[in-house]
file coords22.cif (mmCIF, C-alpha atoms)
data_structure
loop_
_atom_site.label_atom_id
_atom_site.label_comp_id
_atom_site.auth_asym_id
_atom_site.auth_seq_id
_atom_site.Cartn_x
_atom_site.Cartn_y
_atom_site.Cartn_z
CA MET A 1 -86.12 33.40 -13.76
CA ILE A 2 -86.12 36.13 -11.10
CA LEU A 3 -82.53 37.03 -12.01
CA MET A 4 -83.52 37.33 -15.68
CA LEU A 5 -86.44 39.63 -14.83
CA LYS A 6 -84.17 41.81 -12.72
CA LYS A 7 -81.67 41.97 -15.58
CA ARG A 8 -84.38 43.01 -18.02
CA GLY A 9 -85.60 45.62 -15.55
CA LEU A 10 -82.11 47.09 -15.27
CA LEU A 11 -81.68 47.09 -19.06
CA TYR A 12 -85.04 48.85 -19.40
CA LEU A 13 -84.13 51.52 -16.84
CA LEU A 14 -80.74 52.07 -18.47
CA GLY A 15 -82.46 52.38 -21.86
CA VAL A 16 -84.94 54.95 -20.52
CA ALA A 17 -82.05 56.89 -18.94
CA LEU A 18 -80.10 56.96 -22.23
CA ILE A 19 -83.16 58.01 -24.24
CA SER A 20 -83.96 60.78 -21.75
CA PHE A 21 -80.33 61.92 -21.68
CA SER A 22 -80.19 62.08 -25.49
CA VAL A 23 -82.97 64.72 -25.59
CA SER A 24 -81.83 66.70 -22.54
CA PRO A 25 -79.64 69.84 -22.36
CA LEU A 26 -77.03 67.70 -20.61
CA CYS A 27 -76.50 65.83 -23.89
CA VAL A 28 -76.04 69.11 -25.76
CA VAL A 29 -73.38 70.19 -23.24
CA PHE A 30 -71.66 66.80 -23.52
CA MET A 31 -71.69 66.87 -27.33
CA THR A 32 -70.45 70.45 -27.45
CA LYS A 33 -67.52 69.51 -25.24
CA PHE A 34 -66.40 66.43 -27.17
CA LEU A 35 -67.88 66.86 -30.68
CA SER A 36 -68.51 69.80 -32.99
CA VAL A 37 -72.15 68.75 -33.61
CA ASN A 38 -75.02 67.54 -31.44
CA PHE A 39 -75.30 63.91 -32.56
CA SER A 40 -77.85 62.70 -30.00
CA GLU A 41 -78.28 59.40 -31.82
CA LEU A 42 -75.17 58.16 -29.99
CA PHE A 43 -77.38 57.82 -26.90
CA LEU A 44 -80.88 57.62 -28.42
CA ILE A 45 -80.28 54.52 -30.56
CA PRO A 46 -78.56 52.43 -27.82
CA GLY A 47 -81.30 53.55 -25.43
CA PHE A 48 -84.03 52.23 -27.70
CA TYR A 49 -82.07 49.04 -28.31
CA LEU A 50 -81.98 48.36 -24.57
CA VAL A 51 -85.68 49.15 -24.16
CA ILE A 52 -86.85 46.91 -26.99
CA ALA A 53 -84.43 44.17 -25.90
CA SER A 54 -85.96 44.16 -22.42
CA ASP A 55 -89.64 44.67 -23.34
CA SER A 56 -91.18 42.44 -26.01
CA ALA A 57 -94.42 44.48 -26.16
CA ILE A 58 -92.64 47.69 -27.14
CA ARG A 59 -90.39 45.75 -29.52
CA HIS A 60 -93.43 44.20 -31.25
CA GLU A 61 -95.21 47.54 -31.71
CA LEU A 62 -92.17 49.36 -33.07
CA LYS A 63 -91.40 46.58 -35.56
CA TYR A 64 -95.04 46.42 -36.66
CA ASN A 65 -95.21 50.16 -37.36
CA ILE A 66 -91.82 50.36 -39.10
CA LYS A 67 -93.02 47.77 -41.63
CA LYS A 68 -96.23 49.65 -42.42
CA LYS A 69 -96.46 51.02 -45.98
CA SER A 70 -97.93 54.33 -44.78
CA PHE A 71 -94.80 55.14 -42.81
CA LEU A 72 -92.59 54.03 -45.71
CA ARG A 73 -94.44 56.44 -48.04
CA LEU A 74 -94.04 59.30 -45.55
CA PHE A 75 -90.34 58.53 -45.19
CA ILE A 76 -89.79 58.50 -48.97
CA MET A 77 -91.64 61.80 -49.36
CA LEU A 78 -89.56 63.35 -46.58
CA PHE A 79 -86.38 62.03 -48.21
CA VAL A 80 -87.29 63.92 -51.39
CA PHE A 81 -87.33 67.16 -49.40
CA PHE A 82 -84.05 66.11 -47.78
CA VAL A 83 -82.45 65.93 -51.25
CA LEU A 84 -84.08 69.23 -52.23
CA GLY A 85 -82.63 70.79 -49.07
CA LEU A 86 -79.17 69.65 -50.13
CA ILE A 87 -79.67 71.42 -53.46
CA THR A 88 -80.93 74.72 -52.01
CA GLY A 89 -78.73 74.76 -48.90
CA ASP A 90 -75.00 74.65 -48.30
CA ASN A 91 -74.78 72.70 -45.03
CA ILE A 92 -75.70 69.02 -44.97
CA ALA A 93 -75.74 68.92 -41.15
CA ASN A 94 -78.55 71.49 -41.06
CA VAL A 95 -80.59 69.48 -43.57
CA TYR A 96 -80.02 66.25 -41.65
CA GLY A 97 -81.03 67.96 -38.40
CA ASP A 98 -84.50 68.73 -39.76
CA PHE A 99 -84.76 65.33 -41.46
CA ARG A 100 -84.08 63.29 -38.31
CA THR A 101 -86.45 65.41 -36.21
CA ILE A 102 -89.39 65.20 -38.63
CA SER A 103 -88.76 61.47 -39.20
CA VAL A 104 -88.95 60.76 -35.47
CA PHE A 105 -91.99 63.02 -35.04
CA LEU A 106 -93.86 61.43 -37.96
CA PHE A 107 -93.12 57.88 -36.84
CA PHE A 108 -94.29 58.25 -33.24
CA SER A 109 -97.16 60.64 -33.98
CA VAL A 110 -98.76 58.13 -36.38
CA LEU A 111 -97.76 55.07 -34.34
CA THR A 112 -100.77 52.84 -33.62
CA ILE A 113 -100.96 50.16 -30.92
CA LYS A 114 -103.81 47.65 -31.18
CA SER A 115 -103.35 45.62 -27.99
CA ILE A 116 -104.69 47.31 -24.83
CA ILE A 117 -101.94 45.62 -22.77
CA ASN A 118 -99.27 46.96 -25.12
CA GLN A 119 -100.89 50.40 -24.99
CA GLU A 120 -100.51 50.45 -21.22
CA LYS A 121 -96.89 49.32 -21.44
CA PHE A 122 -96.06 51.93 -24.05
CA LYS A 123 -97.73 54.67 -22.04
CA SER A 124 -95.76 53.57 -18.97
CA PHE A 125 -92.58 53.87 -21.04
CA ILE A 126 -93.56 57.43 -22.04
CA ILE A 127 -94.27 58.39 -18.42
CA HIS A 128 -90.88 56.99 -17.34
CA VAL A 129 -89.11 59.03 -20.05
CA PHE A 130 -90.99 62.19 -19.03
CA ILE A 131 -90.12 61.72 -15.35
CA THR A 132 -86.44 61.05 -16.07
CA LEU A 133 -86.15 63.98 -18.48
CA SER A 134 -87.81 66.32 -15.95
CA LEU A 135 -85.18 65.42 -13.36
CA LEU A 136 -82.31 65.73 -15.87
CA ASP A 137 -83.49 69.21 -16.86
CA VAL A 138 -83.55 70.27 -13.21
CA ILE A 139 -80.01 68.94 -12.71
CA PHE A 140 -78.85 70.91 -15.75
CA LEU A 141 -80.43 74.16 -14.54
CA LEU A 142 -79.10 73.75 -11.01
CA LEU A 143 -75.54 73.08 -12.22
CA ARG A 144 -75.50 75.34 -15.29
CA ASN A 145 -73.22 77.95 -13.71
CA SER A 146 -71.22 76.12 -11.04
CA PHE A 147 -70.43 72.94 -12.97
CA PHE A 148 -71.05 73.57 -16.67
CA ASN A 149 -69.88 77.22 -16.66
CA ILE A 150 -72.80 78.32 -18.85
CA ASP A 151 -73.58 82.00 -18.41
CA LEU A 152 -76.82 82.47 -20.36
CA GLU A 153 -80.15 84.00 -19.43
CA ARG A 154 -82.38 81.83 -21.64
CA PHE A 155 -82.49 78.03 -21.78
CA ILE A 156 -84.54 75.58 -23.82
CA VAL A 157 -85.78 72.83 -21.51
CA MET A 158 -88.60 70.32 -21.89
CA ALA A 159 -91.00 71.96 -19.41
CA VAL A 160 -93.84 70.03 -21.05
CA CYS A 161 -92.56 66.87 -19.30
CA PRO A 162 -93.14 67.97 -15.66
CA PHE A 163 -96.43 69.51 -16.84
CA VAL A 164 -97.69 66.17 -18.19
CA ILE A 165 -96.41 64.24 -15.17
CA SER A 166 -97.99 66.70 -12.71
CA ILE A 167 -101.46 66.27 -14.24
CA PHE A 168 -100.85 62.52 -14.66
CA PHE A 169 -100.40 62.22 -10.88
CA LEU A 170 -103.32 64.56 -10.34
CA ASN A 171 -105.52 62.06 -12.21
CA LYS A 172 -104.15 59.30 -9.97
CA ASN A 173 -105.02 61.29 -6.79
CA LYS A 174 -101.32 61.40 -5.91
CA PHE A 175 -101.30 65.05 -4.92
CA ILE A 176 -97.84 65.17 -3.33
CA TYR A 177 -96.20 63.87 -6.51
CA SER A 178 -98.30 66.27 -8.58
CA MET A 179 -97.17 69.18 -6.39
CA PHE A 180 -93.54 68.08 -6.72
CA PHE A 181 -93.62 68.12 -10.53
CA LEU A 182 -95.64 71.33 -10.52
CA LEU A 183 -92.74 72.93 -8.62
CA ILE A 184 -90.34 71.55 -11.23
CA LEU A 185 -92.54 73.03 -13.97
CA ILE A 186 -92.54 76.45 -12.30
CA TYR A 187 -88.79 76.31 -11.66
CA GLU A 188 -87.98 75.35 -15.26
CA SER A 189 -90.38 77.99 -16.63
CA VAL A 190 -88.88 80.76 -14.49
CA ILE A 191 -85.19 79.89 -14.98
CA SER A 192 -85.52 79.23 -18.72
CA THR A 193 -87.31 82.63 -19.21
CA MET A 194 -89.11 81.08 -22.20
CA ARG A 195 -92.54 82.65 -22.23
CA ILE A 196 -94.09 79.74 -24.10
CA ASN A 197 -93.63 77.70 -20.91
CA TYR A 198 -95.99 80.06 -19.06
CA ILE A 199 -98.79 78.64 -21.19
CA LEU A 200 -98.20 75.29 -19.48
CA ILE A 201 -98.71 76.81 -16.03
CA ILE A 202 -101.95 78.42 -17.23
CA PHE A 203 -103.12 75.09 -18.65
CA TYR A 204 -102.30 73.40 -15.34
CA ILE A 205 -104.42 75.91 -13.42
CA PHE A 206 -107.33 75.32 -15.80
CA TYR A 207 -107.05 71.56 -15.46
CA MET A 208 -106.77 71.75 -11.67
CA PHE A 209 -110.04 73.70 -11.72
CA PHE A 210 -111.66 70.95 -13.84
CA VAL A 211 -110.47 68.30 -11.39
CA PHE A 212 -111.73 70.33 -8.44
CA VAL A 213 -115.20 70.73 -10.00
CA THR A 214 -115.30 67.06 -10.97
CA SER A 215 -114.40 66.01 -7.42
CA PHE A 216 -117.89 67.09 -6.29
CA SER A 217 -119.51 64.34 -8.34
CA ASN A 218 -116.74 61.76 -8.76
CA ARG A 219 -116.27 59.55 -5.73
CA LYS A 220 -112.89 58.39 -6.99
CA ILE A 221 -111.53 61.89 -6.45
CA SER A 222 -111.28 62.83 -2.78
CA LEU A 223 -113.01 66.19 -2.38
CA ILE A 224 -111.21 66.97 0.90
CA LYS A 225 -107.78 66.07 -0.50
CA MET A 226 -108.45 68.04 -3.66
CA LEU A 227 -109.57 71.04 -1.60
CA LEU A 228 -106.41 70.87 0.53
CA PHE A 229 -104.28 70.50 -2.59
CA SER A 230 -105.91 73.55 -4.20
CA ILE A 231 -105.37 75.61 -1.04
CA GLY A 232 -101.74 74.46 -0.96
CA VAL A 233 -101.22 75.54 -4.59
CA PHE A 234 -102.83 78.92 -3.83
CA PHE A 235 -100.56 79.65 -0.86
CA MET A 236 -97.54 78.35 -2.76
CA ALA A 237 -98.33 80.85 -5.54
CA LEU A 238 -98.53 83.67 -2.99
CA LYS A 239 -95.16 82.66 -1.57
CA ILE A 240 -93.39 82.16 -4.90
CA THR A 241 -94.68 85.21 -6.81
CA PRO A 242 -92.54 87.88 -5.03
CA ILE A 243 -89.45 85.63 -5.28
CA VAL A 244 -89.99 85.17 -9.02
CA THR A 245 -90.61 88.89 -9.53
CA LYS A 246 -87.41 89.76 -7.69
CA TYR A 247 -85.48 87.23 -9.80
CA PHE A 248 -86.76 88.76 -13.05
CA GLU A 249 -86.08 92.33 -11.94
CA ALA A 250 -82.49 91.50 -10.92
CA ASN A 251 -81.44 91.24 -14.57
CA GLY A 252 -82.40 93.54 -17.43
CA SER A 253 -82.45 90.82 -20.08
CA ARG A 254 -84.63 88.57 -17.92
CA TYR A 255 -87.03 91.42 -17.21
CA VAL A 256 -87.42 92.31 -20.90
CA HIS A 257 -87.97 88.73 -22.06
CA THR A 258 -90.46 87.91 -19.32
CA VAL A 259 -92.31 90.79 -17.67
CA MET A 260 -92.17 93.39 -20.45
CA ARG A 261 -92.81 91.02 -23.36
CA THR A 262 -95.60 89.24 -21.49
CA THR A 263 -97.23 92.55 -20.58
CA GLU A 264 -97.06 93.70 -24.21
CA THR A 265 -98.65 90.45 -25.37
CA VAL A 266 -101.49 90.61 -22.82
CA ASN A 267 -102.25 94.27 -23.55
CA ASN A 268 -102.08 93.93 -27.32
CA PHE A 269 -101.48 90.42 -28.61
CA GLU A 270 -101.40 91.37 -32.28
CA GLU A 271 -98.75 94.02 -31.67
CA GLY A 272 -96.80 92.18 -28.94
CA GLU A 273 -96.58 89.00 -31.03
CA LYS A 274 -96.53 90.71 -34.42
CA THR A 275 -93.76 88.50 -35.81
CA ARG A 276 -95.53 85.24 -34.87
CA VAL A 277 -98.84 86.53 -36.22
CA ASN A 278 -97.07 87.38 -39.48
CA THR A 279 -95.41 83.96 -39.74
CA THR A 280 -98.77 82.27 -39.30
CA LEU A 281 -100.52 84.43 -41.94
CA ILE A 282 -97.64 85.13 -44.33
CA PHE A 283 -99.01 82.64 -46.88
CA LEU A 284 -102.02 84.94 -47.33
CA GLN A 285 -99.86 88.02 -47.87
CA GLU A 286 -96.95 86.64 -49.92
CA PRO A 287 -98.19 83.41 -51.56
CA PHE A 288 -95.94 83.64 -54.64
CA ASP A 289 -92.77 83.71 -52.54
CA LEU A 290 -93.83 80.39 -50.99
CA MET A 291 -94.89 78.51 -54.12
CA ILE A 292 -91.59 76.68 -54.72
CA PRO A 293 -90.50 74.19 -52.00
CA GLN A 294 -87.07 74.96 -50.54
CA GLY A 295 -86.43 71.60 -48.88
CA LEU A 296 -85.27 70.89 -45.34
CA GLY A 297 -82.66 72.74 -43.32
CA TRP A 298 -84.09 75.87 -41.71
CA ARG A 299 -80.68 77.28 -40.76
CA ASN A 300 -79.56 77.25 -44.40
CA HIS A 301 -82.36 79.66 -45.33
CA ILE A 302 -82.05 82.33 -42.64
CA GLU A 303 -80.36 84.81 -44.99
CA ARG A 304 -82.96 84.30 -47.74
CA ILE A 305 -85.86 84.57 -45.26
CA GLN A 306 -84.53 87.85 -43.91
CA SER A 307 -84.00 89.29 -47.39
CA LEU A 308 -87.61 88.48 -48.32
CA PHE A 309 -89.58 89.11 -45.13
CA ARG A 310 -87.56 90.92 -42.46
CA GLU A 311 -88.07 94.54 -43.49
CA GLN A 312 -91.83 94.40 -43.91
CA TYR A 313 -92.87 91.58 -41.55
CA GLY A 314 -90.00 91.34 -39.03
CA ILE A 315 -89.54 87.63 -39.81
CA LEU A 316 -86.00 86.31 -39.22
CA SER A 317 -86.39 82.57 -39.89
CA THR A 318 -88.91 79.73 -40.07
CA MET A 319 -88.41 79.07 -36.35
CA ASP A 320 -91.42 81.02 -35.09
CA SER A 321 -94.23 78.94 -36.54
CA ASN A 322 -94.70 75.43 -37.86
CA VAL A 323 -97.30 76.82 -40.26
CA PHE A 324 -94.67 79.07 -41.85
CA TYR A 325 -92.11 76.26 -41.71
CA CYS A 326 -94.42 73.93 -43.66
CA MET A 327 -95.39 76.59 -46.24
CA TYR A 328 -91.78 77.61 -46.88
CA HIS A 329 -89.83 74.34 -46.76
CA PHE A 330 -92.50 72.07 -48.34
CA GLY A 331 -94.00 74.70 -50.63
CA LEU A 332 -97.35 76.48 -50.33
CA PHE A 333 -99.61 73.67 -51.53
CA ILE A 334 -97.94 70.68 -49.86
CA GLY A 335 -97.31 72.75 -46.72
CA PHE A 336 -100.98 73.76 -46.54
CA PHE A 337 -101.95 70.09 -46.95
CA ILE A 338 -99.60 69.08 -44.08
CA VAL A 339 -101.10 71.74 -41.80
CA ILE A 340 -104.64 70.55 -42.62
CA LEU A 341 -103.64 66.93 -41.88
CA PHE A 342 -102.12 68.00 -38.57
CA PHE A 343 -105.31 69.75 -37.44
CA ARG A 344 -107.42 66.87 -38.78
CA LEU A 345 -105.41 64.48 -36.61
CA PHE A 346 -106.34 66.40 -33.48
CA ILE A 347 -110.00 66.75 -34.43
CA THR A 348 -110.12 62.97 -34.90
CA LEU A 349 -108.37 62.29 -31.59
CA ILE A 350 -110.61 64.67 -29.64
CA SER A 351 -113.79 63.28 -31.23
CA LYS A 352 -112.75 59.73 -30.28
CA ALA A 353 -111.87 60.86 -26.75
CA ASN A 354 -115.27 62.53 -26.52
CA LYS A 355 -116.96 59.19 -27.19
CA LYS A 356 -114.78 57.17 -24.79
CA THR A 357 -114.00 59.38 -21.83
CA SER A 358 -115.69 61.17 -18.95
CA LYS A 359 -116.05 64.95 -18.71
CA LEU A 360 -112.73 65.07 -16.88
CA GLY A 361 -111.19 62.95 -19.61
CA ILE A 362 -112.39 65.33 -22.31
CA SER A 363 -110.88 68.31 -20.46
CA TYR A 364 -107.64 66.33 -20.02
CA TYR A 365 -107.30 65.68 -23.76
CA LEU A 366 -108.36 69.21 -24.70
CA ILE A 367 -105.60 70.52 -22.44
CA LEU A 368 -102.96 68.20 -23.93
CA SER A 369 -104.09 69.05 -27.46
CA GLY A 370 -103.95 72.74 -26.59
CA VAL A 371 -100.33 72.31 -25.48
CA ILE A 372 -99.32 70.71 -28.79
CA LEU A 373 -101.28 73.18 -30.92
CA SER A 374 -99.73 76.11 -29.04
CA MET A 375 -96.27 74.81 -29.84
CA PHE A 376 -97.26 74.14 -33.47
CA LEU A 377 -98.55 77.68 -34.00
CA LEU A 378 -96.00 79.63 -31.93
CA LYS A 379 -92.79 77.71 -32.68
CA SER A 380 -91.45 75.25 -35.24
CA TRP A 381 -89.38 73.42 -32.63
CA ILE A 382 -91.18 70.08 -33.10
CA PHE A 383 -89.82 70.01 -36.69
CA VAL A 384 -86.30 71.35 -36.08
CA TYR A 385 -85.23 70.15 -32.60
CA LEU A 386 -84.98 66.41 -32.02
CA ASN A 387 -85.95 66.64 -28.35
CA PHE A 388 -89.16 68.57 -29.09
CA GLY A 389 -90.08 66.41 -32.09
CA PHE A 390 -89.61 63.23 -30.05
CA ILE A 391 -91.32 64.37 -26.83
CA TYR A 392 -94.33 65.99 -28.53
CA SER A 393 -94.88 62.91 -30.69
CA LEU A 394 -94.98 60.82 -27.49
CA LEU A 395 -97.52 63.30 -26.14
CA ILE A 396 -99.73 62.56 -29.16
CA ILE A 397 -99.61 58.86 -28.24
CA LEU A 398 -100.86 59.73 -24.74
CA ILE A 399 -103.79 61.57 -26.33
CA ARG A 400 -104.54 58.68 -28.69
CA TYR A 401 -104.91 56.13 -25.87
CA PRO A 402 -106.93 57.40 -22.86
CA ASP A 403 -106.00 56.22 -19.36
CA LYS A 404 -108.32 53.72 -17.69
CA GLU A 405 -109.24 56.27 -14.99
CA LEU A 406 -110.66 58.56 -17.69
CA LEU A 407 -112.60 55.99 -19.71
CA LYS A 408 -115.47 55.45 -17.31
CA LYS A 409 -118.36 57.84 -17.56
CA ILE A 410 -119.27 59.83 -14.45
CA LYS A 411 -122.76 58.91 -13.31
#

call {"tool": "encode", "arguments": {"input": "coords22.cif", "output": "structure tokens"}}
result
Amino acid sequence: MILMLKKRGLLYLLGVALISFSVSPLCVVFMTKFLSVNFSELFLIPGFYLVIASDSAIRHELKYNIKKKSFLRLFIMLFVFFVLGLITGDNIANVYGDFRTISVFLFFSVLTIKSIINQEKFKSFIIHVFITLSLLDVIFLLLRNSFFNIDLERFIVMAVCPFVISIFFLNKNKFIYSMFFLLILIYESVISTMRINYILIIFYIFYMFFVFVTSFSNRKISLIKMLLFSIGVFFMALKITPIVTKYFEANGSRYVHTVMRTTETVNNFEEGEKTRVNTTLIFLQEPFDLMIPQGLGWRNHIERIQSLFREQYGILSTMDSNVFYCMYHFGLFIGFFIVILFFRLFITLISKANKKTSKLGISYYLILSGVILSMFLLKSWIFVYLNFGFIYSLLIILIRYPDKELLKKIK
């Protein structure tokens, strides 16, 4: 019996490792070296097989949701746009790339788990994936030059994972672990030079402030420990800031993409982020160009997008906003309906969290929702990149089922 449990535990860990690897930059490097396309399913599917083989609760919930008619209807509708994408585009791989990402995102974002025990197990699985992926991203960034011979200044990493884990441990009063993953978040944000990751650091600071204020009235949160933790974060920021500034200034490309672009955005958001503002509001300015659905496959439509919108609006593709992605690829009316449903989902989740959770819990779920909405409005990555679609759909599950520590009202 003990041997069987150990075997299941090893299978589970191996499954989590394979799933995390499949959505990490390490997998992209591996695929690029041995295959001409990034076929992450080679690791994702075996990973899930091992997880569901070793955990009956997760297996039961996945099977239950796959059989639901609502998901079947969504899948059929998405398949229609897959076929349409094959008609309007010339590369089947590009169409399939969008199809697999949206399929995974839809499935996990609407996944419901009735049993409280199974909810806890599924959330533990998500936390394990986030921790493993955070460490894999760090390994990739540390070895990108010396081992992988990648000489780039910008990298797409899942910085949202260490962000979620850092506030997860903050809720558990495990301040050392929270600090560790906060350092990973800062490191990934700085090295990747992706400005969207800076939003995560800002959200973390806001949430840390909420926890600090709550610690005055919540006996479960040690006021002294929280005070020491806050002081430690403050002095760490003072120490790191000049190092980060020097790193950015050492390279012209880094400096432009980080300091200059961030300064432009802060001083004049509408001008500094003109392209993203245009992609979000383009349906108001050019509705007739968006009437007819173009189907999936954003890469197949770059040339058409630029011929229609580049000169006047500076828009290069549907990559800069999920709102624009939905309006263009699904058509104006269906796309608008999808956007409304997406926002309705979050309003419903937040309203339920408001009824169930403490003040700290409400701030926790507002922060997580803000992270997803920021990505939805500023990028279309959750619809075009498998790793973002998968990870952000798991983040929605965390919002849907509050942690036990956040359910009790503060008296």

call {"tool": "resolve_selection", "arguments": {"input": "coords22.cif", "expression": "the PyMOL selection byres ((chain A and resi 387-397) around 10)", "output": "number ranges by chain"}}
result
A: 19-25, 40, 98, 100-113, 119, 122-123, 125-127, 129-130, 133, 156-158, 160-161, 164, 345-346, 349, 365, 368-369, 371-372, 375-376, 380-386, 398-402

call {"tool": "residues_around", "arguments": {"input": "coords22.cif", "residues": "Asn300 (chain A)", "least_positions_apart": "4", "cutoff": "10 Å", "atoms": "only C-alpha atoms", "output": "list in words"}}
result
Gly85, Leu86, Thr88, Gly89, Asp90, Asn91, Ile92, Ala93, Asn94, Val95, Gln294, Gly295, Leu296, Arg304, Ile305 and Ser317 of chain A

call {"tool": "write_last_selection", "arguments": {"input": "coords22.cif", "atoms": "C-alpha atoms", "output": "CSV table (one decimal), in the coordinates of the input"}}
result
chain,number,residue,atom,x,y,z
A,85,GLY,CA,-82.6,70.8,-49.1
A,86,LEU,CA,-79.2,69.6,-50.1
A,88,THR,CA,-80.9,74.7,-52.0
A,89,GLY,CA,-78.7,74.8,-48.9
A,90,ASP,CA,-75.0,74.6,-48.3
A,91,ASN,CA,-74.8,72.7,-45.0
A,92,ILE,CA,-75.7,69.0,-45.0
A,93,ALA,CA,-75.7,68.9,-41.2
A,94,ASN,CA,-78.6,71.5,-41.1
A,95,VAL,CA,-80.6,69.5,-43.6
A,294,GLN,CA,-87.1,75.0,-50.5
A,295,GLY,CA,-86.4,71.6,-48.9
A,296,LEU,CA,-85.3,70.9,-45.3
A,304,ARG,CA,-83.0,84.3,-47.7
A,305,ILE,CA,-85.9,84.6,-45.3
A,317,SER,CA,-86.4,82.6,-39.9

call {"tool": "residues_around", "arguments": {"input": "coords22.cif", "residues": "Ser189 (chain A)", "least_positions_apart": "5", "cutoff": "9 Å", "atoms": "only C-alpha atoms", "output": "number ranges by chain"}}
result
A: 157, 159, 184, 194-198, 200-201

call {"tool": "residues_near_point", "arguments": {"input": "coords22.cif", "point": "(-92.8, 71.8, -46.5)", "cutoff": "10 Å", "atoms": "all atoms listed in the file", "output": "list in words"}}
result
Leu78, Phe81, Leu290, Ile292, Pro293, Gln294, Gly295, Leu296, Asn322, Val323, Phe324, Tyr325, Cys326, Met327, Tyr328, His329, Phe330, Gly331, Leu332, Phe333, Ile334, Gly335, Phe336, Phe337, Ile338 and Val339 of chain A

call {"tool": "residues_around", "arguments": {"input": "coords22.cif", "residues": "Ser54 (chain A)", "least_positions_apart": "4", "cutoff": "12 Å", "atoms": "all atoms listed in the file", "output": "MDAnalysis selection string"}}
result
chainID A and resid 4:16 47:50 58:60 125

call {"tool": "closest_residue", "arguments": {"input": "coords22.cif", "among": "A:Glu61, A:Lys352, A:Phe140, A:Arg73", "to": "Val28 (chain A)", "atoms": "only C-alpha atoms"}}
result
A:Phe140

call {"tool": "residues_around", "arguments": {"input": "coords22.cif", "residues": "Leu183 (chain A)", "least_positions_apart": "2", "cutoff": "12 Å", "atoms": "only C-alpha atoms", "output": "NGL selection string"}}
result
:A and (134-135 or 138 or 159 or 162-163 or 165-166 or 176-181 or 185-190 or 201 or 204 or 232-233 or 236-237 or 240)

call {"tool": "build_atoms", "arguments": {"input": "coords22.cif", "residues": "region 324-328 of chain A", "atoms": "all heavy atoms", "output": "CSV table (one decimal), keeping the file's coordinate frame"}}
result
chain,number,residue,atom,x,y,z
A,324,PHE,N,-95.6,78.4,-40.9
A,324,PHE,CA,-94.7,79.1,-41.8
A,324,PHE,C,-93.6,78.1,-42.3
A,324,PHE,O,-93.2,78.1,-43.5
A,324,PHE,CB,-94.0,80.3,-41.2
A,324,PHE,CG,-93.1,81.1,-42.1
A,324,PHE,CD1,-93.4,81.3,-43.4
A,324,PHE,CD2,-91.9,81.6,-41.6
A,324,PHE,CE1,-92.6,82.0,-44.2
A,324,PHE,CE2,-91.0,82.3,-42.4
A,324,PHE,CZ,-91.4,82.5,-43.7
A,325,TYR,N,-93.1,77.3,-41.4
A,325,TYR,CA,-92.1,76.3,-41.7
A,325,TYR,C,-92.6,75.3,-42.8
A,325,TYR,O,-91.9,75.1,-43.8
A,325,TYR,CB,-91.7,75.4,-40.5
A,325,TYR,CG,-90.7,74.4,-40.8
A,325,TYR,CD1,-89.3,74.7,-40.5
A,325,TYR,CD2,-91.0,73.2,-41.3
A,325,TYR,CE1,-88.3,73.7,-40.7
A,325,TYR,CE2,-90.0,72.2,-41.6
A,325,TYR,CZ,-88.7,72.5,-41.3
A,325,TYR,OH,-87.7,71.6,-41.6
A,326,CYS,N,-93.8,74.8,-42.7
A,326,CYS,CA,-94.4,73.9,-43.7
A,326,CYS,C,-94.6,74.6,-45.0
A,326,CYS,O,-94.3,74.1,-46.1
A,326,CYS,CB,-95.8,73.4,-43.2
A,326,CYS,SG,-95.6,72.3,-41.8
A,327,MET,N,-95.1,75.9,-45.0
A,327,MET,CA,-95.4,76.6,-46.2
A,327,MET,C,-94.1,76.9,-47.0
A,327,MET,O,-94.0,76.8,-48.2
A,327,MET,CB,-96.1,77.9,-45.9
A,327,MET,CG,-97.4,77.8,-45.2
A,327,MET,SD,-98.7,77.0,-46.3
A,327,MET,CE,-100.1,77.1,-45.1
A,328,TYR,N,-93.0,77.2,-46.2
A,328,TYR,CA,-91.8,77.6,-46.9
A,328,TYR,C,-91.0,76.4,-47.3
A,328,TYR,O,-90.5,76.3,-48.5
A,328,TYR,CB,-90.9,78.5,-45.9
A,328,TYR,CG,-89.6,78.9,-46.5
A,328,TYR,CD1,-89.5,80.1,-47.3
A,328,TYR,CD2,-88.5,78.2,-46.3
A,328,TYR,CE1,-88.3,80.5,-47.8
A,328,TYR,CE2,-87.2,78.6,-46.8
A,328,TYR,CZ,-87.2,79.7,-47.6
A,328,TYR,OH,-86.0,80.1,-48.2
